[in-house]
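Just below is one structure, and these are the notes that go with it.
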Amino acid sequence: MSALTTDAPRRPTGGRKKSKLGWNLVGLLVFLVVGFPLYWMVDTAFKPAKDAIDPDPSLLPTGITLDNFRRALDIADFWGPVGRSLIVSLSVVVIGIVVGLLAALAISRFAFRGRKIVIVGILAVQMVPLVSMIIPVFLLLNDLDQYDKLSGLIITYLTFILPFTVWTLRGFIVNIPKELEEAAMVDGCSRTGAFIRVVFPLLAPGMVATSVYGFIQAWNEYLYALMLLSQEHQTATVWLGNFTTKHGTEYAPMMAGATMMAVPIVVLFLLVQRKMAAGLTAGAVKG
Amino acid sequence: MSADTTTPAKVPPPRQAPPPRVSGAPRGKRTSRGTGIPWLLLAPCLLILALVMGYPLVRLVTLSFQSFGQSQLWGFKPAEWIGFDNFSGILGDGEFWGVVVRTIVFAAGSVIFTMVAGMALALLQQRVSGWMKTLINIVLVASWGMPVIVATTVFKWLFDTDYGVFNALLSKLPGVDMVGHNWFASGPQGLLVIMLLVVWGAVPFVVITLSAGLTQVPQELEEAARLDGAGAWGVFRYVTLPILKPIIVMLTTLSVIWDMGVFPQVFVMRGGHPEADFQLLSTYSYDRAFVVNDYGQGSAIALVTVVLLLGVVAVYMRQMLQIGEVE
């Protein structure tokens with residue numbers, strides 16, 4: 001009996017198998033419910049217009065057309081907003097990673113007076129809801145003559161990208177054993193040399209994941225983009241609002257637009273999520 | 001199966017936690033070289049944060065004690081200090097209290113819903129077969145990655161009055177006729193849909209984080225509890241839950257902070273002009289500032305929101321610092 005208990009969960013008895021089937025059915029239901037909004041977005045995007053606005057819609061695809069995508073690209077300039085979103089997101093990520101890496105090194109590899117206060121500060125800053133800052137940020141950019149300028153939006157996005165980058169990179173750095181650096185320094189590397197030759201290569205995947213994640217956050221931001229740029233300089237997220245006019249909403253083209261916006265981001269996200277989740281939870285589980 | 005076999009291997013690491021403390025010793029020696037370096041590394045970050053975060057935060061506080069409207073914005077008139085007038089203005093307003101209560105109910109509902117659903121799904125993930133686990137993971141991560149604004153437009157379409165698939169599906173149930181039902185005719189129903197949207201977006205993060213935590217629960221402990229006669233609920237309540245507590249506290253506090261600040265979902269769902277019974281603190285503050293052009297009162301409302309959250313933030317920070325202490 002004692003031998004059996006060690007791998008009790010794997011006993012291939014009939015009862016276990018049956019219960020697994022039951023759980024799988026529940027799992028299937030969860031899969032369908034959670035995935036439905038995604039499915040429906042893509043399904044509507046490719047539907048012929050008359051099938052899309054059917055009070056009793058067919059749940060399965062009825063035919064494939066690209067008309068909705070054509071209409072979506074027609075309704076308002078698409079590539080302009082996408083270009084602006086790209087400029088803003090890439091700039092924010094580059095600045096965030098460079099500045100954030102330096103700060104993350106300081107708080108994870110050095111012991112100094114005030115370290116704890118800096119850590120608490122960076123954590124606290126992340127907790128201020130962005131929405132509550134919109135009024136003073138708007139006035140600040142207005143004063144600096146940065147309203148309706150991409151540079152203004154880039155600076156603003158650093159409010160949430162920078163603390164996030166510092167904190168995440170810190171998580172990746174503390175997981176790299178200090179002894180590696182110390183060994184390199186014993187072998188004659190300078191501190192900077194040890195960092196570039198030993199820590200940096202180990203940190204690179206984490207930095208890539210952090211960059212991609214930061215890029216997604218910047219790309220998805222809506223409120224600041226809406227408030228700080230005029231209609232003619234809108235970014236991609238704001239562009240999606242063009243489908244609703246006084247006369248109603250053009251849903252099928254809107255879903256085509258939504259698909260165009262979501263697919264690249266979701267793919268990027270699928271690629272880095274595992275790495276990010278590992279970085280985020282590694283510290284938490286240790287506690 | 002493969003997931004099952006890997007879990008025991010993952011158990012030992014947490015027990016080896018003490019060694020990192022030992023490496024704290026050489027740290028002191030090395031830093032005696034100069035304390036300037038860390039501050040030099042931190043300088044760019046702190047400068048940027050002071051500009052984009054510190055200054056606006058201070059301005060938020062000062063604004064809420066000033067009368068600041070259209071003419072101050074254009075610089076025709078200097079801002080005037082009016083003491084606590086903005087606060088007495090909003091605190092004496094019945095509408096404001098309605099918004100506060102609505103925001104708290106909305107946030108509490110979203111957080112409880114998110115955490116319970118997240119926990120249930122994380123436990124389910126442990127019980128389904130490997131391929132089903134992968135399938136569920138893919139949809140979870142995909143919906144997590146969906147831009148909020150895209151998710152909002154998709155939900156708007158799902159719940160559309162005339163052509164929304166949700167009404168059509170509900171009407172297929174015997175005895176239910178929801179054809180042409182307008183979910184956004186009243187605040188409570190509309191906010192329920194928005195809550196569903198918020199939860200749908202928030203659950204994946206919770207499930208994935210909790211799943212990672214669940215793999216760290218030592219199987220011997222669960223086994224021992226089971227041998228001592230604990231049922232499934234007993235094992236969960238007295239073994240799993242206590243071990244996951246730090247993660248649960250972190251996730252709950254984060255969710256509270258996020259759900260109190262829900263903005264684009266309401267804003268876009270209501271076409272940029274949320275009706276009175278859709279207003280949450282975030283949209284209400286925005287409304288006051290940018291629609292009514294009373295930036296002072298708008299700031300006061302935002303400040304009240306931040307103060308309301310302070311307690312939750314404190315709990316979160318304590319948890320995070322405890323985790324940090326281990327390193």
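Residue numbers start at 1 in each chain; chains themselves are named A, B, ... in the order of the structure tokens; ligands are numbered from 1 in the order shown.
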All residues 9 Å or closer to Ser110 in chain B, only C-alpha atoms, same chain fewer than 4 positions away omitted, as a short mmCIF file (atom, residue, chain, number, x, y, z; two decimals) with N, CA and C atoms, in the first residue's frame:
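Wrote it out as selection37.cif, contents follow:
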data_model
loop_
_atom_site.label_atom_id
_atom_site.label_comp_id
_atom_site.auth_asym_id
_atom_site.auth_seq_id
_atom_site.Cartn_x
_atom_site.Cartn_y
_atom_site.Cartn_z
N VAL B 105 -18.79 49.05 -5.41
CA VAL B 105 -19.54 47.83 -5.71
C VAL B 105 -19.01 47.19 -6.99
N PHE B 106 -18.78 48.02 -8.00
CA PHE B 106 -18.27 47.51 -9.28
C PHE B 106 -16.91 46.83 -9.10
N THR B 114 -13.31 37.79 -10.45
CA THR B 114 -12.03 37.45 -11.07
C THR B 114 -11.29 36.41 -10.25
N MET B 115 -11.21 36.63 -8.93
CA MET B 115 -10.41 35.74 -8.10
C MET B 115 -11.04 34.35 -8.00
N MET B 195 -18.53 44.61 -16.39
CA MET B 195 -17.83 43.80 -15.40
C MET B 195 -17.37 42.48 -16.03
N LEU B 196 -18.25 41.90 -16.82
CA LEU B 196 -17.92 40.65 -17.50
C LEU B 196 -16.69 40.85 -18.40
N VAL B 198 -14.36 43.18 -18.01
CA VAL B 198 -13.18 43.38 -17.16
C VAL B 198 -12.68 42.03 -16.64
N VAL B 199 -13.61 41.19 -16.19
CA VAL B 199 -13.23 39.89 -15.64
C VAL B 199 -12.61 39.02 -16.72
N SER B 255 -5.65 43.50 -8.35
CA SER B 255 -6.94 43.57 -9.02
C SER B 255 -7.77 44.73 -8.51
N VAL B 256 -7.73 44.95 -7.18
CA VAL B 256 -8.50 46.07 -6.63
C VAL B 256 -8.02 47.37 -7.26
N ASP B 259 -9.11 47.47 -10.94
CA ASP B 259 -10.56 47.57 -11.16
C ASP B 259 -11.14 48.88 -10.66
#
Residues of chain B that approach chain A to 7 Å or less, counting only C-alpha atoms: could you list each one with the shortest pair of atoms and its distance in Å to one decimal, rows by chain and increasing residue number, as JSON lines?
{"residue": "B:Pro14", "atom": "CA", "partner": "A:Lys286", "partner_atom": "CA", "distance": 5.9}
{"residue": "B:Arg27", "atom": "CA", "partner": "A:Ala111", "partner_atom": "CA", "distance": 6.7}
{"residue": "B:Gly28", "atom": "CA", "partner": "A:Ala111", "partner_atom": "CA", "distance": 6.8}
{"residue": "B:Thr31", "atom": "CA", "partner": "A:Ala111", "partner_atom": "CA", "distance": 6.5}
{"residue": "B:Thr35", "atom": "CA", "partner": "A:Phe112", "partner_atom": "CA", "distance": 6.3}
{"residue": "B:Pro38", "atom": "CA", "partner": "A:Ala106", "partner_atom": "CA", "distance": 4.6}
{"residue": "B:Leu41", "atom": "CA", "partner": "A:Leu102", "partner_atom": "CA", "distance": 5.0}
{"residue": "B:Leu42", "atom": "CA", "partner": "A:Ala103", "partner_atom": "CA", "distance": 4.5}
{"residue": "B:Pro44", "atom": "CA", "partner": "A:Val99", "partner_atom": "CA", "distance": 6.2}
{"residue": "B:Cys45", "atom": "CA", "partner": "A:Val99", "partner_atom": "CA", "distance": 5.6}
{"residue": "B:Leu49", "atom": "CA", "partner": "A:Thr159", "partner_atom": "CA", "distance": 6.6}
{"residue": "B:Val52", "atom": "CA", "partner": "A:Thr159", "partner_atom": "CA", "distance": 5.9}
{"residue": "B:Met53", "atom": "CA", "partner": "A:Thr159", "partner_atom": "CA", "distance": 6.0}
{"residue": "B:Pro56", "atom": "CA", "partner": "A:Pro136", "partner_atom": "CA", "distance": 5.0}
{"residue": "B:Arg59", "atom": "CA", "partner": "A:Pro136", "partner_atom": "CA", "distance": 5.9}
{"residue": "B:Leu60", "atom": "CA", "partner": "A:Pro136", "partner_atom": "CA", "distance": 5.7}
{"residue": "B:Arg127", "atom": "CA", "partner": "A:Trp23", "partner_atom": "CA", "distance": 6.3}
{"residue": "B:Val128", "atom": "CA", "partner": "A:Asn24", "partner_atom": "CA", "distance": 5.1}
{"residue": "B:Ser129", "atom": "CA", "partner": "A:Asn24", "partner_atom": "CA", "distance": 6.7}
{"residue": "B:Met132", "atom": "CA", "partner": "A:Asn24", "partner_atom": "CA", "distance": 6.7}
{"residue": "B:Ile136", "atom": "CA", "partner": "A:Phe31", "partner_atom": "CA", "distance": 5.3}
{"residue": "B:Val139", "atom": "CA", "partner": "A:Gly35", "partner_atom": "CA", "distance": 5.4}
{"residue": "B:Val141", "atom": "CA", "partner": "A:Leu270", "partner_atom": "CA", "distance": 6.3}
{"residue": "B:Ala142", "atom": "CA", "partner": "A:Val266", "partner_atom": "CA", "distance": 5.6}
{"residue": "B:Gly145", "atom": "CA", "partner": "A:Val266", "partner_atom": "CA", "distance": 5.0}
{"residue": "B:Met146", "atom": "CA", "partner": "A:Ala262", "partner_atom": "CA", "distance": 5.9}
{"residue": "B:Pro147", "atom": "CA", "partner": "A:Asn220", "partner_atom": "CA", "distance": 5.2}
{"residue": "B:Val148", "atom": "CA", "partner": "A:Asn220", "partner_atom": "CA", "distance": 6.9}
{"residue": "B:Ile149", "atom": "CA", "partner": "A:Thr237", "partner_atom": "CA", "distance": 6.6}
{"residue": "B:Val150", "atom": "CA", "partner": "A:Ala258", "partner_atom": "CA", "distance": 5.5}
{"residue": "B:Val154", "atom": "CA", "partner": "A:Met41", "partner_atom": "CA", "distance": 6.2}
{"residue": "B:Trp157", "atom": "CA", "partner": "A:Tyr251", "partner_atom": "CA", "distance": 6.7}
{"residue": "B:Asp162", "atom": "CA", "partner": "A:Pro55", "partner_atom": "CA", "distance": 6.2}
{"residue": "B:Tyr163", "atom": "CA", "partner": "A:Pro55", "partner_atom": "CA", "distance": 4.7}
{"residue": "B:Val165", "atom": "CA", "partner": "A:Pro57", "partner_atom": "CA", "distance": 6.6}
{"residue": "B:Ala168", "atom": "CA", "partner": "A:Asp56", "partner_atom": "CA", "distance": 5.7}
{"residue": "B:Thr209", "atom": "CA", "partner": "A:Thr281", "partner_atom": "CA", "distance": 6.6}
{"residue": "B:Gly213", "atom": "CA", "partner": "A:Val285", "partner_atom": "CA", "distance": 6.2}
{"residue": "B:Ile247", "atom": "CA", "partner": "A:Ala284", "partner_atom": "CA", "distance": 6.5}
{"residue": "B:Gly261", "atom": "CA", "partner": "A:Pro129", "partner_atom": "CA", "distance": 5.8}
{"residue": "B:Pro264", "atom": "CA", "partner": "A:Leu223", "partner_atom": "CA", "distance": 6.7}
{"residue": "B:Ser282", "atom": "CA", "partner": "A:Val131", "partner_atom": "CA", "distance": 6.2}
{"residue": "B:Tyr295", "atom": "CA", "partner": "A:Ile135", "partner_atom": "CA", "distance": 6.9}
{"residue": "B:Ser299", "atom": "CA", "partner": "A:Ile135", "partner_atom": "CA", "distance": 6.7}
{"residue": "B:Ala302", "atom": "CA", "partner": "A:Ser132", "partner_atom": "CA", "distance": 4.8}
{"residue": "B:Val306", "atom": "CA", "partner": "A:Val128", "partner_atom": "CA", "distance": 6.9}
{"residue": "B:Val313", "atom": "CA", "partner": "A:Met127", "partner_atom": "CA", "distance": 6.8}
{"residue": "B:Ile323", "atom": "CA", "partner": "A:Gly287", "partner_atom": "CA", "distance": 4.6}
{"residue": "B:Val326", "atom": "CA", "partner": "A:Gly287", "partner_atom": "CA", "distance": 6.5}
Inset, instruction - Just the strand (DSSP E or B) stuff from range 37-176 of chain B, please, per backbone DSSP, written as a PyMOL selection string. - result: chain B and resi 66-67+80-81
Inset, instruction - Based on DSSP run over this structure's backbone, return all residues of range 27-269 of chain A in alpha helix (DSSP H), as a PyMOL selection string. - result: chain A and resi 27-46+49-52+67-75+79-109+115-127+130-143+150-174+178-186+191-194+200-220+223-228+236-239+251-269
Inset, instruction - Tell me which protein, DNA and RNA residues are within 12 Å of range 88-99 of chain B, counting only C-alpha atoms, leaving out same-chain ones fewer than 5 positions away, and put them as an MDAnalysis selection string. - result: chainID B and resid 64:65 67 82:83 104:107 187 260 275:285 288 294 296:305
Can those selected residues be exported to a file as a PDB file, in the first residue's frame so that it contains C-alpha atoms?
ATOM      1  CA  SER B  64      -7.480  70.222  -5.977  1.00  0.00           C
ATOM      2  CA  PHE B  65      -7.093  73.255  -3.721  1.00  0.00           C
ATOM      3  CA  SER B  67     -10.127  77.111  -8.733  1.00  0.00           C
ATOM      4  CA  ILE B  82      -9.724  78.274  -2.588  1.00  0.00           C
ATOM      5  CA  GLY B  83      -8.808  75.961   0.284  1.00  0.00           C
ATOM      6  CA  ILE B 104     -16.750  50.293  -4.900  1.00  0.00           C
ATOM      7  CA  VAL B 105     -19.537  47.826  -5.711  1.00  0.00           C
ATOM      8  CA  PHE B 106     -18.273  47.508  -9.278  1.00  0.00           C
ATOM      9  CA  ALA B 107     -14.657  46.992  -8.206  1.00  0.00           C
ATOM     10  CA  GLY B 187     -26.715  51.382 -15.440  1.00  0.00           C
ATOM     11  CA  MET B 260     -10.901  50.856  -9.291  1.00  0.00           C
ATOM     12  CA  GLU B 275     -24.620  58.412 -18.796  1.00  0.00           C
ATOM     13  CA  ALA B 276     -25.068  59.418 -15.162  1.00  0.00           C
ATOM     14  CA  ASP B 277     -25.757  55.881 -13.962  1.00  0.00           C
ATOM     15  CA  PHE B 278     -22.645  54.530 -15.697  1.00  0.00           C
ATOM     16  CA  GLN B 279     -20.245  56.967 -14.037  1.00  0.00           C
ATOM     17  CA  LEU B 280     -17.390  55.507 -12.021  1.00  0.00           C
ATOM     18  CA  LEU B 281     -14.852  57.630 -10.138  1.00  0.00           C
ATOM     19  CA  SER B 282     -12.448  57.571 -13.080  1.00  0.00           C
ATOM     20  CA  THR B 283     -14.949  58.714 -15.685  1.00  0.00           C
ATOM     21  CA  TYR B 284     -16.557  61.141 -13.232  1.00  0.00           C
ATOM     22  CA  SER B 285     -13.227  62.866 -12.601  1.00  0.00           C
ATOM     23  CA  ARG B 288     -15.596  67.143 -14.321  1.00  0.00           C
ATOM     24  CA  ASP B 294     -13.567  72.334 -13.769  1.00  0.00           C
ATOM     25  CA  GLY B 296      -9.847  71.780  -9.770  1.00  0.00           C
ATOM     26  CA  GLN B 297     -12.820  69.617  -8.867  1.00  0.00           C
ATOM     27  CA  GLY B 298     -11.749  66.898 -11.300  1.00  0.00           C
ATOM     28  CA  SER B 299      -8.380  66.742  -9.534  1.00  0.00           C
ATOM     29  CA  ALA B 300     -10.055  66.634  -6.141  1.00  0.00           C
ATOM     30  CA  ILE B 301     -12.053  63.575  -7.258  1.00  0.00           C
ATOM     31  CA  ALA B 302      -8.919  61.871  -8.609  1.00  0.00           C
ATOM     32  CA  LEU B 303      -7.131  62.616  -5.345  1.00  0.00           C
ATOM     33  CA  VAL B 304      -9.977  61.103  -3.321  1.00  0.00           C
ATOM     34  CA  THR B 305      -9.682  57.962  -5.494  1.00  0.00           C
TER      35      THR B 305
END
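With CA of Phe159 in chain B on one side and CA of Gly180 in chain B on the other, the separation reads 10.2 Å.
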Inset, instruction - Between CA of Gln66 in chain B and CA of Phe290 in chain B, measure the distance and give it in Å to one decimal. - result: 16.0 Å
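With only C-alpha atoms as the atoms that count, the minimum distance from Tyr316 in chain B to the choices B:Gly272, B:Leu251, B:Ala120, B:Tyr286 is reached by B:Leu251.
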Legend entry - Of the listed residues B:Gln72, B:Gln322, B:Gln125, B:Thr62, that which approaches Ile208 in chain B most closely, counting only C-alpha atoms: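 Of B:Gln72, B:Gln322, B:Gln125, B:Thr62, the one nearest Ile208 in chain B is B:Gln125, counting only C-alpha atoms.
Distance-wise, CA of Phe184 in chain B and CA of Asn167 in chain B end up 12.8 Å apart.
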Which neighbours of Leu202 in chain A fall inside 9 Å, counting only C-alpha atoms, when residues of the same chain fewer than 3 positions from it are skipped, and could you give them as an mmCIF file with C-alpha atoms, in the first residue's frame?
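Generated output (around.cif):
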data_model
loop_
_atom_site.group_PDB
_atom_site.id
_atom_site.type_symbol
_atom_site.label_atom_id
_atom_site.label_comp_id
_atom_site.auth_asym_id
_atom_site.auth_seq_id
_atom_site.Cartn_x
_atom_site.Cartn_y
_atom_site.Cartn_z
ATOM 1 C CA ILE A 173 18.783 40.221 -12.561
ATOM 2 C CA ILE A 176 21.323 35.509 -12.075
ATOM 3 C CA VAL A 198 28.622 37.379 -18.032
ATOM 4 C CA VAL A 199 25.433 39.029 -16.862
ATOM 5 C CA PRO A 205 16.194 36.934 -23.092
ATOM 6 C CA GLY A 206 14.624 38.693 -20.117
#
